[in-house]
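All remarks here apply to the structure that follows.
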Amino acid sequence: MVKLCVLCSKNRAVLKRPKTAQQICQDCFYYVFETEIHNTITDAKLFKRGDNVAIGASGGKDSTVLAHVMKTLNDRYDYGLNMFLLSVDEGITGYRDDSLETVKRNQQQYDLPLKIVSYQQLYGWTMDEIVKEVGLKNNCTYCGVFRRQALDRGSVMLGVDHIVTGHNADDIAETILMNIFRGDVARLGRCTEIVTQGESMIRRSKPFKYTYEKEIVMYAYFKKLDYFSTECIYSPNAYRGHARTFLKDLEAIRPSAIIDIIHSGEAFEIKTGIKMPTQKTCERCGYMSSNDVCKACVLLEGLNRGLPQLGIGKESKVRKQIAESNQPDQPLPTIQHFSTIKRDNASPDMILPKDPALVHTPPPRVPTGIIDDQQKPTGKKDLSW
Ligand code: SF4
Ligand code: ZN
């Protein structure tokens, strides 16, 4: 028997909505998915007309759907935004070089200018080289710290004042759980904020804050969006992995668990009088920092001195290690001072992608939760989530 969509009662239901378990048709799914994101944007007053906005684009499902939805909503509701794609090339052979090809195709599909900043260009090191030095244990610490700065630095080069990222509800719920497990009060307070702003005056926001990862995959699937779904080859992030497995188990029992955790995180109140880190400016590179020298500069110093464990432990231990390293005080390469970064007017408007046949692009995947698929898929089930 044909099941009708519970929202319009007209069309055939083709999917079971992961967030609400409602059986709905494709058009109603697009409508609720896009409208919820629009409501998130307007409720939080994320943008104002004329804003220059960079979409952090990795070529993965979240940022590809984000670029598509931002473009759709900007046109439909006339937000009046000037949008760009901003990508970070960490220098991971076989992963980021291929996913950047997807971003270059997205640039053409969505007609948005693209800027790519690389770790090699900013820090003098690629992730491939860093992993050779530090191994596969703390590599994501380096990568995460370097990426955060790279996005802000790329934004200055693009002349934008706002970065939107594809962090979804699952990512935020995982981060809340991780910060509770670690007892990290400072981060717990910040991680549920939809907009954050540092010294650099560049706002960062998460329009997908309440959007389920499973629905993002479904949207990409039905819209036939071009995204790259291979995992990073250096992805050992075990701690996040535990939080993720736990969250997926909770979601399987009760789908609202993800939103419930976010709402609980938002409701946390931090006792007054708790000492919180103060915001300073790094004395070397001018980036915001809670210490005199920012984490990126400390990590870079460790790499350049051949002491890759610097910056992984406590600050005092780091200083002691440097003092004991007995190295002559030769000047080491540093990161360009933030205040001297110039708007890069010469950045290319279009970067041509390679022929997709020459690039490893994974086959289209079929999400679970589809009850009546008219697209007659031939791909494999997507088990990546
Ligand atoms: Fe970087 Fe780790 Fe993510 Fe790979 S998994 S891109 S190394 S943070
Ligand atoms: Zn610094």
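Each chain in the structure tokens gets a letter, A, B and so on, in the order shown; residues start at 1 in every chain, and ligands are counted from 1 in the order they appear.
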Give me, as a Markdown table, the closest atom pair and its distance (Å, one decimal) for every residue of chain A within a cut-off of 6 Å of ligand 1, counting only C-alpha atoms and all ligand atoms, rows sorted by chain and rising number.
```
| residue | atom | partner | partner_atom_place_in_ligand_line | distance |
| --- | --- | --- | --- | --- |
| A:Asn139 | CA | ligand 1 | 7 (S) | 5.6 |
| A:Cys140 | CA | ligand 1 | 2 (Fe) | 3.7 |
| A:Cys143 | CA | ligand 1 | 1 (Fe) | 4.5 |
| A:Gly144 | CA | ligand 1 | 8 (S) | 5.2 |
| A:Cys232 | CA | ligand 1 | 4 (Fe) | 4.6 |
| A:Tyr234 | CA | ligand 1 | 4 (Fe) | 4.9 |
| A:Ser235 | CA | ligand 1 | 5 (S) | 3.7 |
```
Save the residues we just selected, C-alpha atoms, as an mmCIF file, in the first residue's frame?
```cif
data_model
loop_
_atom_site.group_PDB
_atom_site.id
_atom_site.type_symbol
_atom_site.label_atom_id
_atom_site.label_comp_id
_atom_site.auth_asym_id
_atom_site.auth_seq_id
_atom_site.Cartn_x
_atom_site.Cartn_y
_atom_site.Cartn_z
ATOM 1 C CA ASN A 139 48.172 14.885 14.761
ATOM 2 C CA CYS A 140 44.566 16.099 15.062
ATOM 3 C CA CYS A 143 45.513 20.034 12.522
ATOM 4 C CA GLY A 144 42.646 21.512 14.561
ATOM 5 C CA CYS A 232 40.832 11.410 6.497
ATOM 6 C CA TYR A 234 45.079 10.301 9.627
ATOM 7 C CA SER A 235 41.829 10.107 11.544
#
```
- Shell of 6 Å around region 171-187 of chain A, only C-alpha atoms, local chain residues under 2 positions omitted, as number ranges by chain: A: 167-169, 189-191, 243-244, 258, 261-262
Quick one: write out the picked residues with all heavy atoms as a tab-separated table (two decimals), in the first residue's frame?
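The resulting again-v8.tsv:
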```
chain	number	residue	atom	x	y	z
A	167	HIS	N	29.25	22.64	10.85
A	167	HIS	CA	29.05	21.84	12.07
A	167	HIS	C	27.56	21.56	12.26
A	167	HIS	O	26.76	22.49	12.27
A	167	HIS	CB	29.58	22.60	13.29
A	167	HIS	CG	31.07	22.71	13.31
A	167	HIS	ND1	31.73	23.84	12.91
A	167	HIS	CD2	32.01	21.81	13.66
A	167	HIS	CE1	33.03	23.63	13.01
A	167	HIS	NE2	33.23	22.41	13.45
A	168	ASN	N	27.23	20.30	12.40
A	168	ASN	CA	25.81	19.95	12.51
A	168	ASN	C	25.45	19.60	13.96
A	168	ASN	O	26.31	19.62	14.85
A	168	ASN	CB	25.48	18.80	11.55
A	168	ASN	CG	26.33	17.57	11.82
A	168	ASN	OD1	26.49	17.16	12.96
A	168	ASN	ND2	26.86	16.97	10.76
A	169	ALA	N	24.17	19.26	14.17
A	169	ALA	CA	23.68	18.99	15.53
A	169	ALA	C	24.45	17.83	16.17
A	169	ALA	O	24.77	17.88	17.37
A	169	ALA	CB	22.19	18.68	15.48
A	189	GLY	N	30.81	26.04	28.07
A	189	GLY	CA	30.02	27.27	27.94
A	189	GLY	C	29.98	27.76	26.50
A	189	GLY	O	28.95	28.21	26.01
A	190	ARG	N	31.12	27.62	25.80
A	190	ARG	CA	31.24	28.19	24.45
A	190	ARG	C	30.68	27.30	23.36
A	190	ARG	O	30.21	27.79	22.34
A	190	ARG	CB	32.72	28.44	24.13
A	190	ARG	CG	33.32	29.66	24.77
A	190	ARG	CD	34.59	30.05	24.03
A	190	ARG	NE	35.52	28.94	23.88
A	190	ARG	CZ	36.57	28.71	24.65
A	190	ARG	NH1	36.81	29.53	25.66
A	190	ARG	NH2	37.37	27.70	24.44
A	191	CYS	N	30.72	25.97	23.59
A	191	CYS	CA	30.49	25.07	22.45
A	191	CYS	C	29.04	25.05	21.97
A	191	CYS	O	28.77	24.56	20.88
A	191	CYS	CB	31.01	23.67	22.73
A	191	CYS	SG	30.03	22.74	23.90
A	243	ALA	N	32.69	9.45	21.98
A	243	ALA	CA	31.51	10.29	22.17
A	243	ALA	C	30.52	10.05	21.04
A	243	ALA	O	29.31	9.97	21.25
A	243	ALA	CB	31.92	11.76	22.23
A	244	ARG	N	31.06	9.88	19.83
A	244	ARG	CA	30.22	9.68	18.64
A	244	ARG	C	29.45	8.35	18.74
A	244	ARG	O	28.25	8.29	18.49
A	244	ARG	CB	31.13	9.70	17.42
A	244	ARG	CG	30.56	9.15	16.15
A	244	ARG	CD	31.37	9.64	14.98
A	244	ARG	NE	30.97	10.99	14.70
A	244	ARG	CZ	30.30	11.35	13.59
A	244	ARG	NH1	30.05	10.47	12.65
A	244	ARG	NH2	29.92	12.57	13.40
A	258	ILE	N	19.73	13.85	20.40
A	258	ILE	CA	20.71	14.82	19.89
A	258	ILE	C	20.27	16.24	20.24
A	258	ILE	O	21.03	17.03	20.82
A	258	ILE	CB	20.90	14.64	18.37
A	258	ILE	CG1	21.53	13.27	18.11
A	258	ILE	CG2	21.77	15.76	17.79
A	258	ILE	CD1	21.66	12.92	16.64
A	261	ILE	N	20.34	16.92	24.03
A	261	ILE	CA	21.67	17.20	24.59
A	261	ILE	C	22.06	18.65	24.28
A	261	ILE	O	22.60	19.36	25.12
A	261	ILE	CB	22.72	16.21	24.03
A	261	ILE	CG1	22.47	14.83	24.63
A	261	ILE	CG2	24.15	16.67	24.33
A	261	ILE	CD1	23.28	13.72	24.00
A	262	ILE	N	21.73	19.12	23.06
A	262	ILE	CA	22.06	20.52	22.72
A	262	ILE	C	21.28	21.47	23.63
A	262	ILE	O	21.85	22.41	24.20
A	262	ILE	CB	21.76	20.81	21.24
A	262	ILE	CG1	22.66	19.95	20.36
A	262	ILE	CG2	21.98	22.29	20.92
A	262	ILE	CD1	22.43	20.10	18.88
```
- When the cut-off is 12 Å and you count only C-alpha atoms and all ligand atoms, which residues lie near ligand 2, shown as a PyMOL selection string? chain A and resi 122-123+145-146+148-150+280-301+333-339
Restrict the calculation to only C-alpha atoms, then for each residue of region 205-240 of chain A with any atom at most 9 Å from an atom of region 53-76 of chain A give the closest atom pair and their distance in Å to one decimal, rows by chain and rising residue number, as CSV.
```
residue,atom,partner,partner_atom,distance
A:Pro207,CA,A:Leu66,CA,8.2
A:Phe208,CA,A:Leu66,CA,7.9
A:Glu213,CA,A:Asp62,CA,7.8
A:Ile216,CA,A:Asp62,CA,6.6
A:Val217,CA,A:Lys61,CA,6.7
A:Tyr219,CA,A:Val65,CA,7.6
A:Ala220,CA,A:Val65,CA,6.3
A:Leu225,CA,A:Thr64,CA,7.4
A:Asp226,CA,A:Thr64,CA,7.5
A:Tyr227,CA,A:Gly60,CA,5.4
A:Phe228,CA,A:Gly60,CA,4.9
A:Ser229,CA,A:Gly60,CA,5.8
A:Thr230,CA,A:Gly60,CA,8.3
```
Just write the chosen residues, C-alpha atoms, as an mmCIF file, in the first residue's frame.
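So the final result, stored in selection.cif, reads:
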```cif
data_model
loop_
_atom_site.group_PDB
_atom_site.id
_atom_site.type_symbol
_atom_site.label_atom_id
_atom_site.label_comp_id
_atom_site.auth_asym_id
_atom_site.auth_seq_id
_atom_site.Cartn_x
_atom_site.Cartn_y
_atom_site.Cartn_z
ATOM 1 C CA PRO A 207 23.601 27.480 10.636
ATOM 2 C CA PHE A 208 23.333 23.647 10.949
ATOM 3 C CA GLU A 213 23.671 14.656 10.166
ATOM 4 C CA ILE A 216 22.144 16.317 5.653
ATOM 5 C CA VAL A 217 23.122 13.022 3.995
ATOM 6 C CA TYR A 219 19.339 16.016 1.407
ATOM 7 C CA ALA A 220 22.638 15.559 -0.460
ATOM 8 C CA LEU A 225 24.934 16.967 -4.679
ATOM 9 C CA ASP A 226 28.553 16.396 -5.536
ATOM 10 C CA TYR A 227 30.451 15.658 -2.324
ATOM 11 C CA PHE A 228 33.439 13.669 -1.169
ATOM 12 C CA SER A 229 32.847 11.116 1.556
ATOM 13 C CA THR A 230 36.169 9.449 2.253
#
```
Please return as a PDB file with C-alpha atoms, in the first residue's frame: the residues of region 146-317 of chain A that backbone DSSP assigns to helix (DSSP H, G or I).
```pdb
ATOM      1  CA  PHE A 146      46.212  25.195  12.554  1.00  0.00           C
ATOM      2  CA  ARG A 147      42.842  24.984  10.777  1.00  0.00           C
ATOM      3  CA  ARG A 148      41.168  27.462  13.102  1.00  0.00           C
ATOM      4  CA  GLN A 149      43.801  30.098  12.382  1.00  0.00           C
ATOM      5  CA  ALA A 150      43.938  29.213   8.691  1.00  0.00           C
ATOM      6  CA  LEU A 151      40.223  29.966   8.274  1.00  0.00           C
ATOM      7  CA  ASP A 152      40.566  33.337  10.020  1.00  0.00           C
ATOM      8  CA  ARG A 153      43.661  34.226   8.007  1.00  0.00           C
ATOM      9  CA  GLY A 154      41.954  33.193   4.760  1.00  0.00           C
ATOM     10  CA  SER A 155      38.950  35.331   5.726  1.00  0.00           C
ATOM     11  CA  VAL A 156      41.124  38.413   6.066  1.00  0.00           C
ATOM     12  CA  MET A 157      42.613  37.672   2.632  1.00  0.00           C
ATOM     13  CA  LEU A 158      39.075  37.445   1.225  1.00  0.00           C
ATOM     14  CA  ALA A 169      23.678  18.994  15.528  1.00  0.00           C
ATOM     15  CA  ASP A 170      25.495  15.664  15.935  1.00  0.00           C
ATOM     16  CA  ASP A 171      28.904  17.414  16.017  1.00  0.00           C
ATOM     17  CA  ILE A 172      27.682  19.872  18.645  1.00  0.00           C
ATOM     18  CA  ALA A 173      26.068  17.184  20.815  1.00  0.00           C
ATOM     19  CA  GLU A 174      29.323  15.169  20.610  1.00  0.00           C
ATOM     20  CA  THR A 175      31.346  18.209  21.666  1.00  0.00           C
ATOM     21  CA  ILE A 176      29.023  18.840  24.622  1.00  0.00           C
ATOM     22  CA  LEU A 177      29.438  15.218  25.737  1.00  0.00           C
ATOM     23  CA  MET A 178      33.233  15.403  25.331  1.00  0.00           C
ATOM     24  CA  ASN A 179      33.446  18.590  27.374  1.00  0.00           C
ATOM     25  CA  ILE A 180      31.309  17.037  30.121  1.00  0.00           C
ATOM     26  CA  PHE A 181      33.473  13.887  30.170  1.00  0.00           C
ATOM     27  CA  ARG A 182      36.604  16.046  30.414  1.00  0.00           C
ATOM     28  CA  VAL A 185      33.841  24.142  31.900  1.00  0.00           C
ATOM     29  CA  ALA A 186      35.265  26.928  29.713  1.00  0.00           C
ATOM     30  CA  ARG A 187      34.631  25.031  26.478  1.00  0.00           C
ATOM     31  CA  LEU A 188      31.278  23.699  27.659  1.00  0.00           C
ATOM     32  CA  GLY A 189      30.016  27.269  27.940  1.00  0.00           C
ATOM     33  CA  ARG A 190      31.241  28.191  24.454  1.00  0.00           C
ATOM     34  CA  CYS A 191      30.488  25.072  22.447  1.00  0.00           C
ATOM     35  CA  GLU A 213      23.671  14.656  10.166  1.00  0.00           C
ATOM     36  CA  LYS A 214      21.409  11.932   8.775  1.00  0.00           C
ATOM     37  CA  GLU A 215      19.151  14.564   7.217  1.00  0.00           C
ATOM     38  CA  ILE A 216      22.144  16.317   5.653  1.00  0.00           C
ATOM     39  CA  VAL A 217      23.122  13.022   3.995  1.00  0.00           C
ATOM     40  CA  MET A 218      19.536  12.489   2.800  1.00  0.00           C
ATOM     41  CA  TYR A 219      19.339  16.016   1.407  1.00  0.00           C
ATOM     42  CA  ALA A 220      22.638  15.559  -0.460  1.00  0.00           C
ATOM     43  CA  TYR A 221      21.393  12.255  -1.791  1.00  0.00           C
ATOM     44  CA  PHE A 222      18.024  13.463  -3.092  1.00  0.00           C
ATOM     45  CA  ALA A 238      39.688   8.253  19.467  1.00  0.00           C
ATOM     46  CA  TYR A 239      38.153  10.474  22.100  1.00  0.00           C
ATOM     47  CA  ARG A 240      35.622  12.033  19.733  1.00  0.00           C
ATOM     48  CA  GLY A 241      35.036   8.538  18.356  1.00  0.00           C
ATOM     49  CA  HIS A 242      33.866   7.325  21.795  1.00  0.00           C
ATOM     50  CA  ALA A 243      31.511  10.289  22.173  1.00  0.00           C
ATOM     51  CA  ARG A 244      30.216   9.679  18.641  1.00  0.00           C
ATOM     52  CA  THR A 245      29.530   5.975  19.242  1.00  0.00           C
ATOM     53  CA  PHE A 246      27.764   6.818  22.496  1.00  0.00           C
ATOM     54  CA  LEU A 247      25.649   9.475  20.769  1.00  0.00           C
ATOM     55  CA  LYS A 248      24.692   7.115  17.917  1.00  0.00           C
ATOM     56  CA  ASP A 249      23.609   4.508  20.501  1.00  0.00           C
ATOM     57  CA  LEU A 250      21.463   7.116  22.242  1.00  0.00           C
ATOM     58  CA  GLU A 251      20.004   8.278  18.924  1.00  0.00           C
ATOM     59  CA  ALA A 252      19.079   4.709  17.990  1.00  0.00           C
ATOM     60  CA  ILE A 253      17.023   4.432  21.196  1.00  0.00           C
ATOM     61  CA  ALA A 257      18.542  12.626  22.166  1.00  0.00           C
ATOM     62  CA  ILE A 258      20.709  14.823  19.895  1.00  0.00           C
ATOM     63  CA  ILE A 259      18.523  17.908  20.213  1.00  0.00           C
ATOM     64  CA  ASP A 260      17.916  17.188  23.911  1.00  0.00           C
ATOM     65  CA  ILE A 261      21.675  17.201  24.586  1.00  0.00           C
ATOM     66  CA  ILE A 262      22.057  20.517  22.723  1.00  0.00           C
ATOM     67  CA  HIS A 263      19.206  22.087  24.692  1.00  0.00           C
ATOM     68  CA  SER A 264      20.710  20.763  27.938  1.00  0.00           C
ATOM     69  CA  GLY A 265      24.090  22.202  26.941  1.00  0.00           C
ATOM     70  CA  GLU A 266      22.484  25.567  26.241  1.00  0.00           C
ATOM     71  CA  ALA A 267      20.813  25.529  29.654  1.00  0.00           C
ATOM     72  CA  LYS A 295      48.897  27.350  20.692  1.00  0.00           C
ATOM     73  CA  ALA A 296      49.728  27.423  16.970  1.00  0.00           C
ATOM     74  CA  CYS A 297      52.986  29.295  17.631  1.00  0.00           C
ATOM     75  CA  VAL A 298      53.947  26.852  20.396  1.00  0.00           C
ATOM     76  CA  LEU A 299      53.176  23.838  18.189  1.00  0.00           C
ATOM     77  CA  LEU A 300      55.092  25.383  15.297  1.00  0.00           C
ATOM     78  CA  GLU A 301      58.059  26.081  17.532  1.00  0.00           C
ATOM     79  CA  GLY A 302      58.035  22.434  18.604  1.00  0.00           C
ATOM     80  CA  LEU A 303      58.044  21.285  14.982  1.00  0.00           C
ATOM     81  CA  ASN A 304      60.802  23.681  13.968  1.00  0.00           C
ATOM     82  CA  GLU A 315      52.710  25.205  29.201  1.00  0.00           C
ATOM     83  CA  SER A 316      55.221  25.080  32.087  1.00  0.00           C
ATOM     84  CA  LYS A 317      56.482  21.693  30.894  1.00  0.00           C
TER      85      LYS A 317
END
```
- Counting only C-alpha atoms, the residue of A:Cys8, A:Ile341, A:Val14, A:Ala44 that sits nearest Lys209 (chain A): A:Ala44
- A:Thr141, A:Thr93, A:Gln109, A:Ser256: which is nearest Thr126 (chain A), counting only C-alpha atoms? A:Thr93
- Message: I'd like the contact shell of Glu36 (chain A) - 12 Å cut-off, only C-alpha atoms, skipping same-chain residues fewer than 2 positions apart - returned as a ChimeraX atom specification.
- Response: /A:19,28-34,38-43,69,73,207-212,215
Keeping only C-alpha atoms, write the selected residues as a PDB file, in the first residue's frame.
```
ATOM      1  CA  LYS A  19      14.683  13.925  13.438  1.00  0.00           C
ATOM      2  CA  CYS A  28       8.066  18.358   2.097  1.00  0.00           C
ATOM      3  CA  PHE A  29      11.491  17.136   3.210  1.00  0.00           C
ATOM      4  CA  TYR A  30      13.214  19.900   1.245  1.00  0.00           C
ATOM      5  CA  TYR A  31      10.752  22.418   2.646  1.00  0.00           C
ATOM      6  CA  VAL A  32      11.152  21.459   6.333  1.00  0.00           C
ATOM      7  CA  PHE A  33      14.920  20.996   6.033  1.00  0.00           C
ATOM      8  CA  GLU A  34      15.535  24.380   4.387  1.00  0.00           C
ATOM      9  CA  HIS A  38      16.276  29.643   7.608  1.00  0.00           C
ATOM     10  CA  ASN A  39      14.533  29.910  11.002  1.00  0.00           C
ATOM     11  CA  THR A  40      17.810  29.169  12.806  1.00  0.00           C
ATOM     12  CA  ILE A  41      19.486  31.949  10.802  1.00  0.00           C
ATOM     13  CA  THR A  42      16.754  34.526  11.387  1.00  0.00           C
ATOM     14  CA  ASP A  43      16.114  33.633  15.073  1.00  0.00           C
ATOM     15  CA  VAL A  69      21.438  25.709   1.178  1.00  0.00           C
ATOM     16  CA  LEU A  73      18.200  30.729   1.038  1.00  0.00           C
ATOM     17  CA  PRO A 207      23.601  27.480  10.636  1.00  0.00           C
ATOM     18  CA  PHE A 208      23.333  23.647  10.949  1.00  0.00           C
ATOM     19  CA  LYS A 209      23.346  23.799  14.746  1.00  0.00           C
ATOM     20  CA  TYR A 210      19.969  22.014  14.923  1.00  0.00           C
ATOM     21  CA  THR A 211      20.320  20.002  11.689  1.00  0.00           C
ATOM     22  CA  TYR A 212      20.763  16.246  11.996  1.00  0.00           C
ATOM     23  CA  GLU A 215      19.151  14.564   7.217  1.00  0.00           C
TER      24      GLU A 215
END
```
- Task: Taking the chain letters and numbering used in this document, name the residues of region 52-297 of chain A that DSSP puts in strand (DSSP E or B), as JSON, numbers by chain.
- Result: {"A": [52, 53, 54, 55, 56, 82, 83, 84, 85, 86, 87, 88, 89, 114, 115, 116, 117, 118, 162, 163, 164, 195, 196, 197, 203, 204, 205, 280, 281, 288, 289]}
Convert the current residue selection to file output with N, CA and C atoms, as a CSV table (one decimal), in the first residue's frame.
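Below you can see result_38.csv, which holds the result:
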```
chain,number,residue,atom,x,y,z
A,52,ASN,N,29.7,40.1,4.0
A,52,ASN,CA,30.6,39.3,3.2
A,52,ASN,C,30.8,38.0,3.9
A,53,VAL,N,30.4,36.9,3.4
A,53,VAL,CA,30.4,35.6,4.2
A,53,VAL,C,31.2,34.6,3.5
A,54,ALA,N,32.1,33.9,4.2
A,54,ALA,CA,32.9,32.8,3.7
A,54,ALA,C,32.2,31.5,4.2
A,55,ILE,N,32.0,30.6,3.3
A,55,ILE,CA,31.5,29.3,3.7
A,55,ILE,C,32.7,28.3,3.8
A,56,GLY,N,33.0,27.9,5.0
A,56,GLY,CA,34.1,26.9,5.1
A,56,GLY,C,33.8,25.7,4.4
A,82,ASN,N,27.1,38.5,0.2
A,82,ASN,CA,28.1,38.2,-0.8
A,82,ASN,C,28.9,37.0,-0.3
A,83,MET,N,28.8,35.9,-1.0
A,83,MET,CA,29.3,34.7,-0.5
A,83,MET,C,30.5,34.2,-1.2
A,84,PHE,N,31.4,33.5,-0.5
A,84,PHE,CA,32.7,32.9,-1.0
A,84,PHE,C,32.8,31.5,-0.5
A,85,LEU,N,33.6,30.7,-1.2
A,85,LEU,CA,34.0,29.4,-0.6
A,85,LEU,C,35.4,29.6,-0.1
A,86,LEU,N,35.7,29.1,1.1
A,86,LEU,CA,37.0,29.2,1.7
A,86,LEU,C,37.4,27.8,2.1
A,87,SER,N,38.5,27.3,1.5
A,87,SER,CA,39.0,26.0,1.8
A,87,SER,C,40.4,26.0,2.4
A,88,VAL,N,40.6,25.0,3.3
A,88,VAL,CA,42.0,24.9,3.9
A,88,VAL,C,42.6,23.6,3.3
A,89,ASP,N,43.8,23.7,2.8
A,89,ASP,CA,44.5,22.6,2.3
A,89,ASP,C,45.5,22.2,3.3
A,114,LEU,N,36.3,31.0,-5.0
A,114,LEU,CA,36.9,30.1,-4.1
A,114,LEU,C,38.3,30.6,-3.7
A,115,LYS,N,38.6,30.5,-2.4
A,115,LYS,CA,40.0,30.8,-2.0
A,115,LYS,C,40.5,29.6,-1.2
A,116,ILE,N,41.7,29.2,-1.5
A,116,ILE,CA,42.3,28.0,-0.8
A,116,ILE,C,43.5,28.5,-0.1
A,117,VAL,N,43.6,28.3,1.2
A,117,VAL,CA,44.8,28.6,2.0
A,117,VAL,C,45.4,27.3,2.4
A,118,SER,N,46.7,27.2,2.4
A,118,SER,CA,47.4,25.9,2.8
A,118,SER,C,48.2,26.0,4.0
A,162,HIS,N,32.6,37.2,8.2
A,162,HIS,CA,31.8,36.2,8.8
A,162,HIS,C,32.2,34.8,8.1
A,163,ILE,N,32.4,33.8,8.9
A,163,ILE,CA,32.6,32.5,8.4
A,163,ILE,C,31.4,31.6,8.8
A,164,VAL,N,30.8,30.9,7.9
A,164,VAL,CA,29.8,29.9,8.4
A,164,VAL,C,30.5,28.5,8.1
A,195,VAL,N,27.0,31.6,17.5
A,195,VAL,CA,28.0,32.5,16.9
A,195,VAL,C,29.1,32.7,17.9
A,196,THR,N,30.3,32.7,17.5
A,196,THR,CA,31.4,33.1,18.3
A,196,THR,C,32.2,34.2,17.6
A,197,GLN,N,32.9,34.9,18.4
A,197,GLN,CA,33.7,36.0,17.8
A,197,GLN,C,35.0,36.2,18.7
A,203,ARG,N,33.3,36.9,12.7
A,203,ARG,CA,32.3,36.1,13.4
A,203,ARG,C,32.3,34.7,12.7
A,204,ARG,N,32.0,33.7,13.6
A,204,ARG,CA,31.9,32.3,13.1
A,204,ARG,C,30.5,31.8,13.5
A,205,SER,N,29.8,31.2,12.6
A,205,SER,CA,28.5,30.7,13.0
A,205,SER,C,28.2,29.3,12.4
A,280,LYS,N,43.7,37.1,25.3
A,280,LYS,CA,44.9,38.0,25.0
A,280,LYS,C,45.2,37.9,23.6
A,281,THR,N,46.3,38.6,23.2
A,281,THR,CA,46.7,38.5,21.8
A,281,THR,C,48.1,37.8,21.8
A,288,MET,N,44.4,35.7,18.5
A,288,MET,CA,43.8,35.7,19.8
A,288,MET,C,44.3,34.4,20.6
A,289,SER,N,44.5,34.5,21.9
A,289,SER,CA,45.1,33.4,22.6
A,289,SER,C,44.8,33.6,24.1
```
